[in-house]
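**Q** Enclosed is the structure file target_0.pdb (PDB, C-alpha atoms and all ligand atoms).
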ATOM      1  CA  MET A  16      47.976 165.631 267.860  1.00  0.00           C
ATOM      2  CA  TRP A  17      51.349 167.412 268.323  1.00  0.00           C
ATOM      3  CA  TYR A  18      52.068 170.757 269.993  1.00  0.00           C
ATOM      4  CA  ASP A  19      55.181 172.918 270.109  1.00  0.00           C
ATOM      5  CA  SER A  20      56.667 174.372 273.309  1.00  0.00           C
ATOM      6  CA  LYS A  21      54.178 177.270 273.179  1.00  0.00           C
ATOM      7  CA  HIS A  22      51.228 174.892 272.814  1.00  0.00           C
ATOM      8  CA  VAL A  23      50.611 175.762 269.174  1.00  0.00           C
ATOM      9  CA  GLU A  24      49.121 172.800 267.333  1.00  0.00           C
ATOM     10  CA  ILE A  25      51.401 171.185 264.738  1.00  0.00           C
ATOM     11  CA  LYS A  26      49.444 169.545 261.937  1.00  0.00           C
ATOM     12  CA  THR A  27      50.843 166.837 259.681  1.00  0.00           C
ATOM     13  CA  PRO A  28      51.394 168.020 256.065  1.00  0.00           C
ATOM     14  CA  LYS A  29      48.328 166.062 254.939  1.00  0.00           C
ATOM     15  CA  GLU A  30      46.062 167.639 257.574  1.00  0.00           C
ATOM     16  CA  GLY A  31      47.615 171.084 257.227  1.00  0.00           C
ATOM     17  CA  TYR A  32      47.625 171.389 253.427  1.00  0.00           C
ATOM     18  CA  ASN A  33      44.127 169.936 253.137  1.00  0.00           C
ATOM     19  CA  PHE A  34      42.974 172.512 255.674  1.00  0.00           C
ATOM     20  CA  ILE A  35      44.416 175.469 253.739  1.00  0.00           C
ATOM     21  CA  ALA A  36      43.739 174.101 250.231  1.00  0.00           C
ATOM     22  CA  ASP A  37      41.211 176.817 249.443  1.00  0.00           C
ATOM     23  CA  GLU A  38      43.783 179.543 250.184  1.00  0.00           C
ATOM     24  CA  TYR A  39      46.276 178.173 247.675  1.00  0.00           C
ATOM     25  CA  GLY A  40      46.464 181.194 245.386  1.00  0.00           C
ATOM     26  CA  LYS A  41      47.603 183.525 248.127  1.00  0.00           C
ATOM     27  CA  HIS A  42      51.230 182.412 247.950  1.00  0.00           C
ATOM     28  CA  HIS A  43      51.705 182.127 244.192  1.00  0.00           C
ATOM     29  CA  ASN A  44      53.044 185.593 243.469  1.00  0.00           C
ATOM     30  CA  HIS A  45      55.588 185.471 246.254  1.00  0.00           C
ATOM     31  CA  LEU A  46      56.887 182.015 245.330  1.00  0.00           C
ATOM     32  CA  ASP A  47      56.807 182.806 241.600  1.00  0.00           C
ATOM     33  CA  SER A  48      58.979 185.848 242.121  1.00  0.00           C
ATOM     34  CA  PHE A  49      61.857 183.529 243.052  1.00  0.00           C
ATOM     35  CA  ASP A  50      61.183 180.629 240.709  1.00  0.00           C
ATOM     36  CA  ARG A  51      60.733 182.559 237.570  1.00  0.00           C
ATOM     37  CA  TRP A  52      64.339 183.526 237.439  1.00  0.00           C
ATOM     38  CA  PHE A  53      66.087 180.526 238.846  1.00  0.00           C
ATOM     39  CA  PHE A  54      64.472 177.199 238.184  1.00  0.00           C
ATOM     40  CA  LEU A  55      64.005 177.603 234.461  1.00  0.00           C
ATOM     41  CA  ARG A  56      67.736 177.823 233.872  1.00  0.00           C
ATOM     42  CA  PHE A  57      68.255 174.379 235.406  1.00  0.00           C
ATOM     43  CA  LEU A  58      65.873 172.661 233.035  1.00  0.00           C
ATOM     44  CA  PRO A  59      67.058 170.973 229.850  1.00  0.00           C
ATOM     45  CA  ARG A  60      66.908 173.425 226.911  1.00  0.00           C
ATOM     46  CA  ASN A  61      64.872 171.045 224.864  1.00  0.00           C
ATOM     47  CA  LEU A  62      61.624 170.132 226.572  1.00  0.00           C
ATOM     48  CA  ASP A  63      60.222 168.301 223.529  1.00  0.00           C
ATOM     49  CA  ASN A  64      58.437 165.155 224.498  1.00  0.00           C
ATOM     50  CA  ILE A  65      59.847 164.902 228.022  1.00  0.00           C
ATOM     51  CA  ASN A  66      58.142 163.290 231.011  1.00  0.00           C
ATOM     52  CA  ILE A  67      58.078 165.495 234.117  1.00  0.00           C
ATOM     53  CA  ILE A  68      56.992 164.563 237.599  1.00  0.00           C
ATOM     54  CA  ASP A  69      56.321 167.174 240.252  1.00  0.00           C
ATOM     55  CA  LEU A  70      56.687 165.525 243.634  1.00  0.00           C
ATOM     56  CA  TRP A  71      54.576 167.717 245.895  1.00  0.00           C
ATOM     57  CA  ALA A  72      52.768 169.531 243.203  1.00  0.00           C
ATOM     58  CA  TRP A  73      50.484 171.686 245.335  1.00  0.00           C
ATOM     59  CA  ASP A  74      47.842 173.248 243.083  1.00  0.00           C
ATOM     60  CA  TRP A  75      48.813 174.593 239.652  1.00  0.00           C
ATOM     61  CA  ARG A  76      51.700 176.946 240.442  1.00  0.00           C
ATOM     62  CA  ILE A  77      54.404 174.891 238.738  1.00  0.00           C
ATOM     63  CA  TRP A  78      52.196 173.460 235.988  1.00  0.00           C
ATOM     64  CA  LYS A  79      51.640 176.928 234.574  1.00  0.00           C
ATOM     65  CA  PHE A  80      55.320 177.092 233.531  1.00  0.00           C
ATOM     66  CA  PHE A  81      54.866 173.951 231.429  1.00  0.00           C
ATOM     67  CA  LYS A  82      51.342 174.149 230.117  1.00  0.00           C
ATOM     68  CA  ASP A  83      52.339 175.660 226.760  1.00  0.00           C
ATOM     69  CA  LYS A  84      55.567 173.671 226.349  1.00  0.00           C
ATOM     70  CA  PRO A  85      55.847 170.643 224.048  1.00  0.00           C
ATOM     71  CA  ILE A  86      56.282 168.177 226.936  1.00  0.00           C
ATOM     72  CA  LYS A  87      54.865 164.677 226.758  1.00  0.00           C
ATOM     73  CA  LYS A  88      53.429 164.293 230.260  1.00  0.00           C
ATOM     74  CA  TYR A  89      53.336 166.084 233.613  1.00  0.00           C
ATOM     75  CA  THR A  90      52.595 163.977 236.670  1.00  0.00           C
ATOM     76  CA  ALA A  91      51.359 165.970 239.658  1.00  0.00           C
ATOM     77  CA  CYS A  92      51.941 164.050 242.862  1.00  0.00           C
ATOM     78  CA  ASP A  93      50.859 165.252 246.315  1.00  0.00           C
ATOM     79  CA  ILE A  94      49.667 163.961 249.676  1.00  0.00           C
ATOM     80  CA  SER A  95      46.831 166.498 249.853  1.00  0.00           C
ATOM     81  CA  GLU A  96      43.855 165.302 247.842  1.00  0.00           C
ATOM     82  CA  LYS A  97      42.147 168.684 248.227  1.00  0.00           C
ATOM     83  CA  LEU A  98      45.098 170.505 246.662  1.00  0.00           C
ATOM     84  CA  LEU A  99      45.365 167.997 243.842  1.00  0.00           C
ATOM     85  CA  LYS A 100      41.666 168.433 243.110  1.00  0.00           C
ATOM     86  CA  ARG A 101      42.472 172.072 242.341  1.00  0.00           C
ATOM     87  CA  HIS A 102      45.260 171.112 239.957  1.00  0.00           C
ATOM     88  CA  PRO A 103      44.082 171.515 236.349  1.00  0.00           C
ATOM     89  CA  TRP A 104      43.598 168.364 234.356  1.00  0.00           C
ATOM     90  CA  THR A 105      44.435 168.109 230.634  1.00  0.00           C
ATOM     91  CA  ASN A 106      45.379 165.109 228.544  1.00  0.00           C
ATOM     92  CA  LYS A 107      49.030 165.830 229.436  1.00  0.00           C
ATOM     93  CA  VAL A 108      48.431 165.933 233.207  1.00  0.00           C
ATOM     94  CA  GLU A 109      48.221 162.902 235.443  1.00  0.00           C
ATOM     95  CA  LYS A 110      47.329 163.406 239.124  1.00  0.00           C
ATOM     96  CA  VAL A 111      48.507 160.910 241.717  1.00  0.00           C
ATOM     97  CA  ILE A 112      47.938 161.031 245.469  1.00  0.00           C
ATOM     98  CA  CYS A 113      51.125 159.822 247.101  1.00  0.00           C
ATOM     99  CA  ASP A 114      52.982 159.977 250.387  1.00  0.00           C
ATOM    100  CA  LEU A 115      56.667 160.611 249.876  1.00  0.00           C
ATOM    101  CA  GLU A 116      57.569 158.951 253.165  1.00  0.00           C
ATOM    102  CA  LYS A 117      56.666 155.693 251.412  1.00  0.00           C
ATOM    103  CA  LYS A 118      57.725 153.854 248.262  1.00  0.00           C
ATOM    104  CA  LEU A 119      56.637 155.706 245.134  1.00  0.00           C
ATOM    105  CA  PRO A 120      53.904 154.103 243.010  1.00  0.00           C
ATOM    106  CA  PHE A 121      55.746 154.605 239.668  1.00  0.00           C
ATOM    107  CA  GLU A 122      57.659 152.385 237.280  1.00  0.00           C
ATOM    108  CA  LYS A 123      61.453 152.432 237.045  1.00  0.00           C
ATOM    109  CA  GLU A 124      63.222 154.954 234.802  1.00  0.00           C
ATOM    110  CA  ILE A 125      60.231 156.667 233.250  1.00  0.00           C
ATOM    111  CA  TYR A 126      60.841 160.344 234.112  1.00  0.00           C
ATOM    112  CA  ASP A 127      63.263 162.796 232.485  1.00  0.00           C
ATOM    113  CA  VAL A 128      62.870 165.504 235.121  1.00  0.00           C
ATOM    114  CA  VAL A 129      61.758 165.328 238.738  1.00  0.00           C
ATOM    115  CA  LEU A 130      60.804 168.610 240.425  1.00  0.00           C
ATOM    116  CA  SER A 131      60.295 169.330 244.114  1.00  0.00           C
ATOM    117  CA  PHE A 132      59.976 172.911 245.264  1.00  0.00           C
ATOM    118  CA  PHE A 133      59.676 174.097 248.863  1.00  0.00           C
ATOM    119  CA  VAL A 134      58.825 170.689 250.142  1.00  0.00           C
ATOM    120  CA  LEU A 135      61.852 168.587 251.114  1.00  0.00           C
ATOM    121  CA  GLU A 136      61.563 169.984 254.615  1.00  0.00           C
ATOM    122  CA  HIS A 137      58.238 168.206 255.138  1.00  0.00           C
ATOM    123  CA  VAL A 138      59.809 164.776 254.712  1.00  0.00           C
ATOM    124  CA  GLU A 139      61.570 162.941 257.508  1.00  0.00           C
ATOM    125  CA  ASN A 140      63.022 159.982 255.608  1.00  0.00           C
ATOM    126  CA  LEU A 141      65.175 161.570 252.881  1.00  0.00           C
ATOM    127  CA  GLU A 142      67.163 158.372 252.413  1.00  0.00           C
ATOM    128  CA  LEU A 143      64.106 156.479 251.182  1.00  0.00           C
ATOM    129  CA  LEU A 144      62.962 159.412 249.088  1.00  0.00           C
ATOM    130  CA  PHE A 145      66.291 159.759 247.266  1.00  0.00           C
ATOM    131  CA  GLN A 146      66.388 156.021 246.591  1.00  0.00           C
ATOM    132  CA  GLU A 147      62.898 156.175 245.142  1.00  0.00           C
ATOM    133  CA  VAL A 148      63.651 159.224 242.999  1.00  0.00           C
ATOM    134  CA  TYR A 149      66.788 157.533 241.654  1.00  0.00           C
ATOM    135  CA  LYS A 150      64.667 154.578 240.580  1.00  0.00           C
ATOM    136  CA  ILE A 151      62.040 156.531 238.668  1.00  0.00           C
ATOM    137  CA  LEU A 152      64.531 158.806 236.846  1.00  0.00           C
ATOM    138  CA  LYS A 153      65.917 157.806 233.456  1.00  0.00           C
ATOM    139  CA  SER A 154      69.690 157.476 233.176  1.00  0.00           C
ATOM    140  CA  TRP A 155      72.257 160.021 231.955  1.00  0.00           C
ATOM    141  CA  TRP A 156      71.043 163.344 230.724  1.00  0.00           C
ATOM    142  CA  GLN A 157      68.198 163.840 233.131  1.00  0.00           C
ATOM    143  CA  ARG A 158      68.475 165.883 236.243  1.00  0.00           C
ATOM    144  CA  ILE A 159      66.393 166.654 239.289  1.00  0.00           C
ATOM    145  CA  ILE A 160      65.852 170.025 240.812  1.00  0.00           C
ATOM    146  CA  TRP A 161      65.298 170.551 244.482  1.00  0.00           C
ATOM    147  CA  HIS A 162      64.365 173.910 245.818  1.00  0.00           C
ATOM    148  CA  PHE A 163      65.007 174.723 249.419  1.00  0.00           C
ATOM    149  CA  LEU A 164      65.364 175.832 252.683  1.00  0.00           C
ATOM    150  CA  GLN A 165      63.132 176.745 255.608  1.00  0.00           C
ATOM    151  CA  ARG A 166      64.316 176.660 259.185  1.00  0.00           C
ATOM    152  CA  ARG A 167      61.142 177.098 261.223  1.00  0.00           C
ATOM    153  CA  GLU A 168      57.496 176.337 260.794  1.00  0.00           C
ATOM    154  CA  PHE A 169      55.355 179.336 259.846  1.00  0.00           C
ATOM    155  CA  LEU A 170      52.599 180.317 262.201  1.00  0.00           C
ATOM    156  CA  ARG A 171      49.403 179.931 260.169  1.00  0.00           C
ATOM    157  CA  LYS A 172      45.918 181.166 260.803  1.00  0.00           C
ATOM    158  CA  LYS A 173      42.622 180.033 259.347  1.00  0.00           C
ATOM    159  CA  ASP A 174      39.051 180.193 260.670  1.00  0.00           C
ATOM    160  CA  LYS A 175      40.366 181.497 264.006  1.00  0.00           C
ATOM    161  CA  GLU A 176      42.607 178.436 264.269  1.00  0.00           C
ATOM    162  CA  ILE A 177      46.325 179.050 264.812  1.00  0.00           C
ATOM    163  CA  PHE A 178      48.638 176.200 263.855  1.00  0.00           C
ATOM    164  CA  LYS A 179      51.885 175.138 262.174  1.00  0.00           C
ATOM    165  CA  ILE A 180      52.638 172.446 259.602  1.00  0.00           C
ATOM    166  CA  ARG A 181      55.310 169.975 260.623  1.00  0.00           C
ATOM    167  CA  LEU A 182      58.821 170.587 259.275  1.00  0.00           C
ATOM    168  CA  TYR A 183      62.178 168.828 259.518  1.00  0.00           C
ATOM    169  CA  ASN A 184      65.164 171.123 259.532  1.00  0.00           C
ATOM    170  CA  HIS A 185      67.509 169.180 257.230  1.00  0.00           C
ATOM    171  CA  ARG A 186      70.959 170.701 256.792  1.00  0.00           C
ATOM    172  CA  LEU A 187      72.292 171.232 253.296  1.00  0.00           C
ATOM    173  CA  GLN A 188      75.359 169.087 253.947  1.00  0.00           C
ATOM    174  CA  ASP A 189      73.171 166.168 255.089  1.00  0.00           C
ATOM    175  CA  ILE A 190      71.004 166.412 251.977  1.00  0.00           C
ATOM    176  CA  GLU A 191      74.088 166.490 249.755  1.00  0.00           C
ATOM    177  CA  LYS A 192      75.567 163.502 251.563  1.00  0.00           C
ATOM    178  CA  ILE A 193      72.407 161.402 251.225  1.00  0.00           C
ATOM    179  CA  ALA A 194      72.160 162.336 247.540  1.00  0.00           C
ATOM    180  CA  LYS A 195      75.803 161.377 246.864  1.00  0.00           C
ATOM    181  CA  ASN A 196      75.392 158.112 248.782  1.00  0.00           C
ATOM    182  CA  ASN A 197      72.547 157.368 246.426  1.00  0.00           C
ATOM    183  CA  ASN A 198      74.750 157.912 243.362  1.00  0.00           C
ATOM    184  CA  PHE A 199      73.585 161.370 242.322  1.00  0.00           C
ATOM    185  CA  ILE A 200      75.940 164.049 241.000  1.00  0.00           C
ATOM    186  CA  VAL A 201      75.115 167.043 243.177  1.00  0.00           C
ATOM    187  CA  ASP A 202      75.328 170.802 242.485  1.00  0.00           C
ATOM    188  CA  SER A 203      74.005 173.279 245.015  1.00  0.00           C
ATOM    189  CA  PHE A 204      73.342 176.952 244.295  1.00  0.00           C
ATOM    190  CA  PRO A 205      72.759 179.359 247.189  1.00  0.00           C
ATOM    191  CA  ILE A 206      69.972 181.886 246.750  1.00  0.00           C
ATOM    192  CA  THR A 207      70.508 185.075 248.717  1.00  0.00           C
ATOM    193  CA  GLU A 208      68.350 187.942 249.802  1.00  0.00           C
ATOM    194  CA  LYS A 209      69.915 191.011 251.431  1.00  0.00           C
ATOM    195  CA  ASN A 210      73.258 189.185 251.631  1.00  0.00           C
ATOM    196  CA  THR A 211      71.774 186.249 253.514  1.00  0.00           C
ATOM    197  CA  THR A 212      71.422 182.791 252.038  1.00  0.00           C
ATOM    198  CA  ILE A 213      67.792 181.922 252.403  1.00  0.00           C
ATOM    199  CA  TRP A 214      67.691 178.723 250.374  1.00  0.00           C
ATOM    200  CA  TYR A 215      69.417 176.576 247.815  1.00  0.00           C
ATOM    201  CA  ILE A 216      68.590 175.132 244.502  1.00  0.00           C
ATOM    202  CA  ILE A 217      70.011 171.647 244.488  1.00  0.00           C
ATOM    203  CA  SER A 218      70.429 169.964 241.162  1.00  0.00           C
ATOM    204  CA  LEU A 219      70.871 166.196 241.189  1.00  0.00           C
ATOM    205  CA  ARG A 220      71.878 164.259 238.114  1.00  0.00           C
ATOM    206  CA  LYS A 221      71.709 160.535 237.653  1.00  0.00           C
TER     207      LYS A 221
HETATM  208  C1  LIG B 301      54.888 174.474 250.394  1.00  0.00           C
HETATM  209  S1  LIG B 301      53.933 173.410 249.353  1.00  0.00           S
HETATM  210  C2  LIG B 301      54.904 173.505 247.871  1.00  0.00           C
HETATM  211  C3  LIG B 301      54.109 173.180 246.631  1.00  0.00           C
HETATM  212  C4  LIG B 301      54.772 173.340 245.265  1.00  0.00           C
HETATM  213  N1  LIG B 301      55.900 172.439 245.149  1.00  0.00           N
HETATM  214  C5  LIG B 301      55.175 174.764 244.978  1.00  0.00           C
HETATM  215  O1  LIG B 301      56.361 175.090 245.035  1.00  0.00           O
HETATM  216  O2  LIG B 301      54.299 175.564 244.665  1.00  0.00           O
HETATM  217  C6  LIG B 301      54.281 171.805 250.039  1.00  0.00           C
HETATM  218  C7  LIG B 301      53.505 170.680 249.362  1.00  0.00           C
HETATM  219  O3  LIG B 301      54.048 169.413 249.777  1.00  0.00           O
HETATM  220  C8  LIG B 301      52.986 168.479 249.973  1.00  0.00           C
HETATM  221  N2  LIG B 301      53.480 167.418 250.865  1.00  0.00           N
HETATM  222  C9  LIG B 301      53.970 167.584 252.114  1.00  0.00           C
HETATM  223  N3  LIG B 301      54.353 166.398 252.634  1.00  0.00           N
HETATM  224  C10 LIG B 301      54.133 165.456 251.688  1.00  0.00           C
HETATM  225  C11 LIG B 301      54.332 164.032 251.620  1.00  0.00           C
HETATM  226  N4  LIG B 301      54.822 163.327 252.650  1.00  0.00           N
HETATM  227  N5  LIG B 301      53.997 163.397 250.482  1.00  0.00           N
HETATM  228  C12 LIG B 301      53.486 164.094 249.426  1.00  0.00           C
HETATM  229  N6  LIG B 301      53.274 165.433 249.431  1.00  0.00           N
HETATM  230  C13 LIG B 301      53.583 166.106 250.548  1.00  0.00           C
HETATM  231  C14 LIG B 301      51.869 169.352 250.538  1.00  0.00           C
HETATM  232  O4  LIG B 301      50.588 168.764 250.425  1.00  0.00           O
HETATM  233  C15 LIG B 301      52.024 170.639 249.702  1.00  0.00           C
HETATM  234  O5  LIG B 301      51.303 170.572 248.512  1.00  0.00           O
END
Give the structure from the file, written as C-alpha cells.
**A**
Amino acid sequence: MWYDSKHVEIKTPKEGYNFIADEYGKHHNHLDSFDRWFFLRFLPRNLDNINIIDLWAWDWRIWKFFKDKPIKKYTACDISEKLLKRHPWTNKVEKVICDLEKKLPFEKEIYDVVLSFFVLEHVENLELLFQEVYKILKSWWQRIIWHFLQRREFLRKKDKEIFKIRLYNHRLQDIEKIAKNNNFIVDSFPITEKNTTIWYIISLRK
C-alpha cells in the first residue's frame, strides 16, 4: 500500500476505480460539458463502418456519443472489471479487460480511431503504450485523440475512506516527444478555463 506525505492512502487505478465503480455517473455531466464541444471535431467526418477502441473506457460515458452512429465496432478496454461490467453491451460493443502498462491484446492495424480521455496520467510507461497504440492503428487517414491534463491526485471519499488514485504528472512536451519518437504526427490543442490552460487535446496521426 502507498501513502502520500500526509499519510493519505494512494490506491492503484485498478483498486481505486473498482472501489468507486458504483459512483460512476456522478462525473458524467462535468466531463461531458468539455467533451461535447471539443472531441467531436477531431473525429473523421465519416464514421461509416469504422472500428473504434476506447482505451480506458470507464463506464458508458464515451459510448453514448457513438451508440447511434453507423460505426462497425466499439471496443471498450479498461483495467477495472467493475466499471466495464457497467458498460452497455450491444452487438457493436466488445469489452476487454486490459492493463495499459502491458502489451495490448489486439491484432495489428485493426482500429481506425483510438480514444483515451482523462487517463494518460494513470500510466507510467508511455513509451510502451505509444508503441502498442501505433501497432493497433491502421495506416494513413486514422488518428488518435488524447485528452489531458491533471497535475495532482484528487482527494476522494467513499464509505468514510479517504484516498487518492495514483497519477503520473507527465509534461506535455514529454508526451509529444515520445509520440514523435514513435512516428506519430502530433497536434496539441490547449483547452483553457478562465485564461488558464487546464488540459490539452492531443491528436496523433499515423
Ligand atoms: C478518469 S477515468 C476516465 C474514463 C473515460 N475515458 C472517460 O473519459 O469518461 C480513468 C479510467 O482509466 C482506467 N485505467 C487506469 N489505469 C489503467 C490501466 N493501466 N489500464 C487500463 N485502464 C486503466 C480506470 O479504470 C478508469 O476507467
**Q** The PyMOL selection byres (((chain A and resi 70) around 8) and not hetatm) - which residues does that actually catch in the file I just gave you? List them as a PyMOL selection string.
**A** chain A and resi 68-69+71-72+91-93+115+129-131
**Q** Name the residues in contact with A:Ile25 at a cut-off of 7 Å, using only C-alpha atoms, excluding same-chain residues fewer than 3 positions from it; report them as a list in words.
**A** Trp17, Tyr18, Asp19, Phe178, Lys179, Ile180 and Arg181 of chain A
**Q** Selected residues, C-alpha atoms, written as a short mmCIF file (atom, residue, chain, number, x, y, z; two decimals), in the coordinates of the input, please.
**A**
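Result written to result-v5.cif:
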data_model
loop_
_atom_site.label_atom_id
_atom_site.label_comp_id
_atom_site.auth_asym_id
_atom_site.auth_seq_id
_atom_site.Cartn_x
_atom_site.Cartn_y
_atom_site.Cartn_z
CA TRP A 17 51.35 167.41 268.32
CA TYR A 18 52.07 170.76 269.99
CA ASP A 19 55.18 172.92 270.11
CA PHE A 178 48.64 176.20 263.86
CA LYS A 179 51.88 175.14 262.17
CA ILE A 180 52.64 172.45 259.60
CA ARG A 181 55.31 169.98 260.62
#
**Q** Just how far from atom CA of A:Asn66 is atom CA of A:Thr90, in Å to one decimal?
**A**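 We find that atom CA of A:Thr90 and atom CA of A:Asn66 lie 8.0 Å from each other.
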**Q** Give as a VMD selection string the residues surrounding ligand LIG 301 (chain B) up to a distance of 6 Å, considering only C-alpha atoms and all ligand atoms.
**A** chain A and resid 28 to 29 32 71 to 73 76 to 77 93 to 95 113 to 116 131 to 134 137 to 138
**Q** Give me, please, the distance in Å between atom CA of A:Ser154 and atom CA of A:Lys123, quoted to one decimal.
**A**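 If I compute the distance from atom CA of A:Ser154 to atom CA of A:Lys123, I get 10.4 Å.
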**Q** Please evaluate the PyMOL selection byres (((chain A and resi 64) around 7) and not hetatm) against the structure above and give the resulting residues as a list in words.
**A**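 Those residues are Leu62, Asp63, Ile65, Asn66, Pro85, Ile86 and Lys87 of chain A.
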**Q** Starting from the displayed file, determine the output of the PyMOL selection byres (((chain A and resi 182-196) around 6) and not hetatm) and express the residue list as a ChimeraX atom specification.
**A** /A:136-137,166,181,197-199
**Q** Next, write the just-selected residues to a file, as a short mmCIF file (atom, residue, chain, number, x, y, z; two decimals), in the coordinates of the input, keeping C-alpha atoms as the atom set.
**A**
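The result, stored in result-v4.cif:
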data_model
loop_
_atom_site.label_atom_id
_atom_site.label_comp_id
_atom_site.auth_asym_id
_atom_site.auth_seq_id
_atom_site.Cartn_x
_atom_site.Cartn_y
_atom_site.Cartn_z
CA GLU A 136 61.56 169.98 254.62
CA HIS A 137 58.24 168.21 255.14
CA ARG A 166 64.32 176.66 259.18
CA ARG A 181 55.31 169.98 260.62
CA ASN A 197 72.55 157.37 246.43
CA ASN A 198 74.75 157.91 243.36
CA PHE A 199 73.58 161.37 242.32
#
**Q** Taking into account all atoms listed in the file, which residue in the set A:Phe54, A:Phe34, A:Trp75, A:Tyr215 is nearest to A:Arg101?
**A** A:Trp75
**Q** Quote the spacing between atom CA of A:Lys97 and atom CA of A:Asp37 in Å to one decimal place.
**A**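 Between atom CA of A:Lys97 and atom CA of A:Asp37 the gap works out to 8.3 Å.
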**Q** Which one is closest to A:Leu152: A:Glu30, A:Glu139, A:Glu208, A:Asp127? Count all atoms listed in the file.
**A**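 Nearest candidate to A:Leu152 out of A:Glu30, A:Glu139, A:Glu208, A:Asp127: A:Asp127.
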**Q** What would stretch 122-138 of chain A look like with N, CA and C atoms restored, written as a PDB file, in the frame of the given file?
**A**
ATOM      1  N   GLU A 122      56.717 153.360 237.857  1.00  0.00           N
ATOM      2  CA  GLU A 122      57.659 152.385 237.280  1.00  0.00           C
ATOM      3  C   GLU A 122      59.077 152.937 237.281  1.00  0.00           C
ATOM      4  N   LYS A 123      60.041 152.025 237.069  1.00  0.00           N
ATOM      5  CA  LYS A 123      61.453 152.432 237.045  1.00  0.00           C
ATOM      6  C   LYS A 123      61.771 153.231 235.788  1.00  0.00           C
ATOM      7  N   GLU A 124      62.628 154.220 235.921  1.00  0.00           N
ATOM      8  CA  GLU A 124      63.222 154.954 234.802  1.00  0.00           C
ATOM      9  C   GLU A 124      62.218 155.437 233.761  1.00  0.00           C
ATOM     10  N   ILE A 125      61.190 156.146 234.238  1.00  0.00           N
ATOM     11  CA  ILE A 125      60.231 156.667 233.250  1.00  0.00           C
ATOM     12  C   ILE A 125      60.226 158.199 233.173  1.00  0.00           C
ATOM     13  N   TYR A 126      60.887 158.879 234.127  1.00  0.00           N
ATOM     14  CA  TYR A 126      60.841 160.344 234.112  1.00  0.00           C
ATOM     15  C   TYR A 126      62.172 160.962 233.686  1.00  0.00           C
ATOM     16  N   ASP A 127      62.071 162.055 232.910  1.00  0.00           N
ATOM     17  CA  ASP A 127      63.263 162.796 232.485  1.00  0.00           C
ATOM     18  C   ASP A 127      63.633 163.847 233.524  1.00  0.00           C
ATOM     19  N   VAL A 128      62.628 164.433 234.139  1.00  0.00           N
ATOM     20  CA  VAL A 128      62.870 165.504 235.121  1.00  0.00           C
ATOM     21  C   VAL A 128      61.956 165.281 236.322  1.00  0.00           C
ATOM     22  N   VAL A 129      62.547 165.395 237.499  1.00  0.00           N
ATOM     23  CA  VAL A 129      61.758 165.328 238.738  1.00  0.00           C
ATOM     24  C   VAL A 129      61.885 166.680 239.435  1.00  0.00           C
ATOM     25  N   LEU A 130      60.775 167.303 239.750  1.00  0.00           N
ATOM     26  CA  LEU A 130      60.804 168.610 240.425  1.00  0.00           C
ATOM     27  C   LEU A 130      60.273 168.482 241.844  1.00  0.00           C
ATOM     28  N   SER A 131      60.840 169.243 242.752  1.00  0.00           N
ATOM     29  CA  SER A 131      60.295 169.330 244.114  1.00  0.00           C
ATOM     30  C   SER A 131      60.665 170.690 244.682  1.00  0.00           C
ATOM     31  N   PHE A 132      59.704 171.544 244.809  1.00  0.00           N
ATOM     32  CA  PHE A 132      59.976 172.911 245.264  1.00  0.00           C
ATOM     33  C   PHE A 132      59.366 173.168 246.632  1.00  0.00           C
ATOM     34  N   PHE A 133      60.160 173.686 247.544  1.00  0.00           N
ATOM     35  CA  PHE A 133      59.676 174.097 248.863  1.00  0.00           C
ATOM     36  C   PHE A 133      59.009 172.976 249.643  1.00  0.00           C
ATOM     37  N   VAL A 134      59.547 171.811 249.551  1.00  0.00           N
ATOM     38  CA  VAL A 134      58.825 170.689 250.142  1.00  0.00           C
ATOM     39  C   VAL A 134      59.689 169.646 250.834  1.00  0.00           C
ATOM     40  N   LEU A 135      60.989 169.616 250.529  1.00  0.00           N
ATOM     41  CA  LEU A 135      61.852 168.587 251.114  1.00  0.00           C
ATOM     42  C   LEU A 135      61.779 168.620 252.638  1.00  0.00           C
ATOM     43  N   GLU A 136      61.566 169.821 253.154  1.00  0.00           N
ATOM     44  CA  GLU A 136      61.563 169.984 254.615  1.00  0.00           C
ATOM     45  C   GLU A 136      60.355 169.340 255.294  1.00  0.00           C
ATOM     46  N   HIS A 137      59.376 168.897 254.514  1.00  0.00           N
ATOM     47  CA  HIS A 137      58.238 168.206 255.138  1.00  0.00           C
ATOM     48  C   HIS A 137      58.476 166.709 255.273  1.00  0.00           C
ATOM     49  N   VAL A 138      59.585 166.226 254.726  1.00  0.00           N
ATOM     50  CA  VAL A 138      59.809 164.776 254.712  1.00  0.00           C
ATOM     51  C   VAL A 138      60.889 164.391 255.710  1.00  0.00           C
TER      52      VAL A 138
END
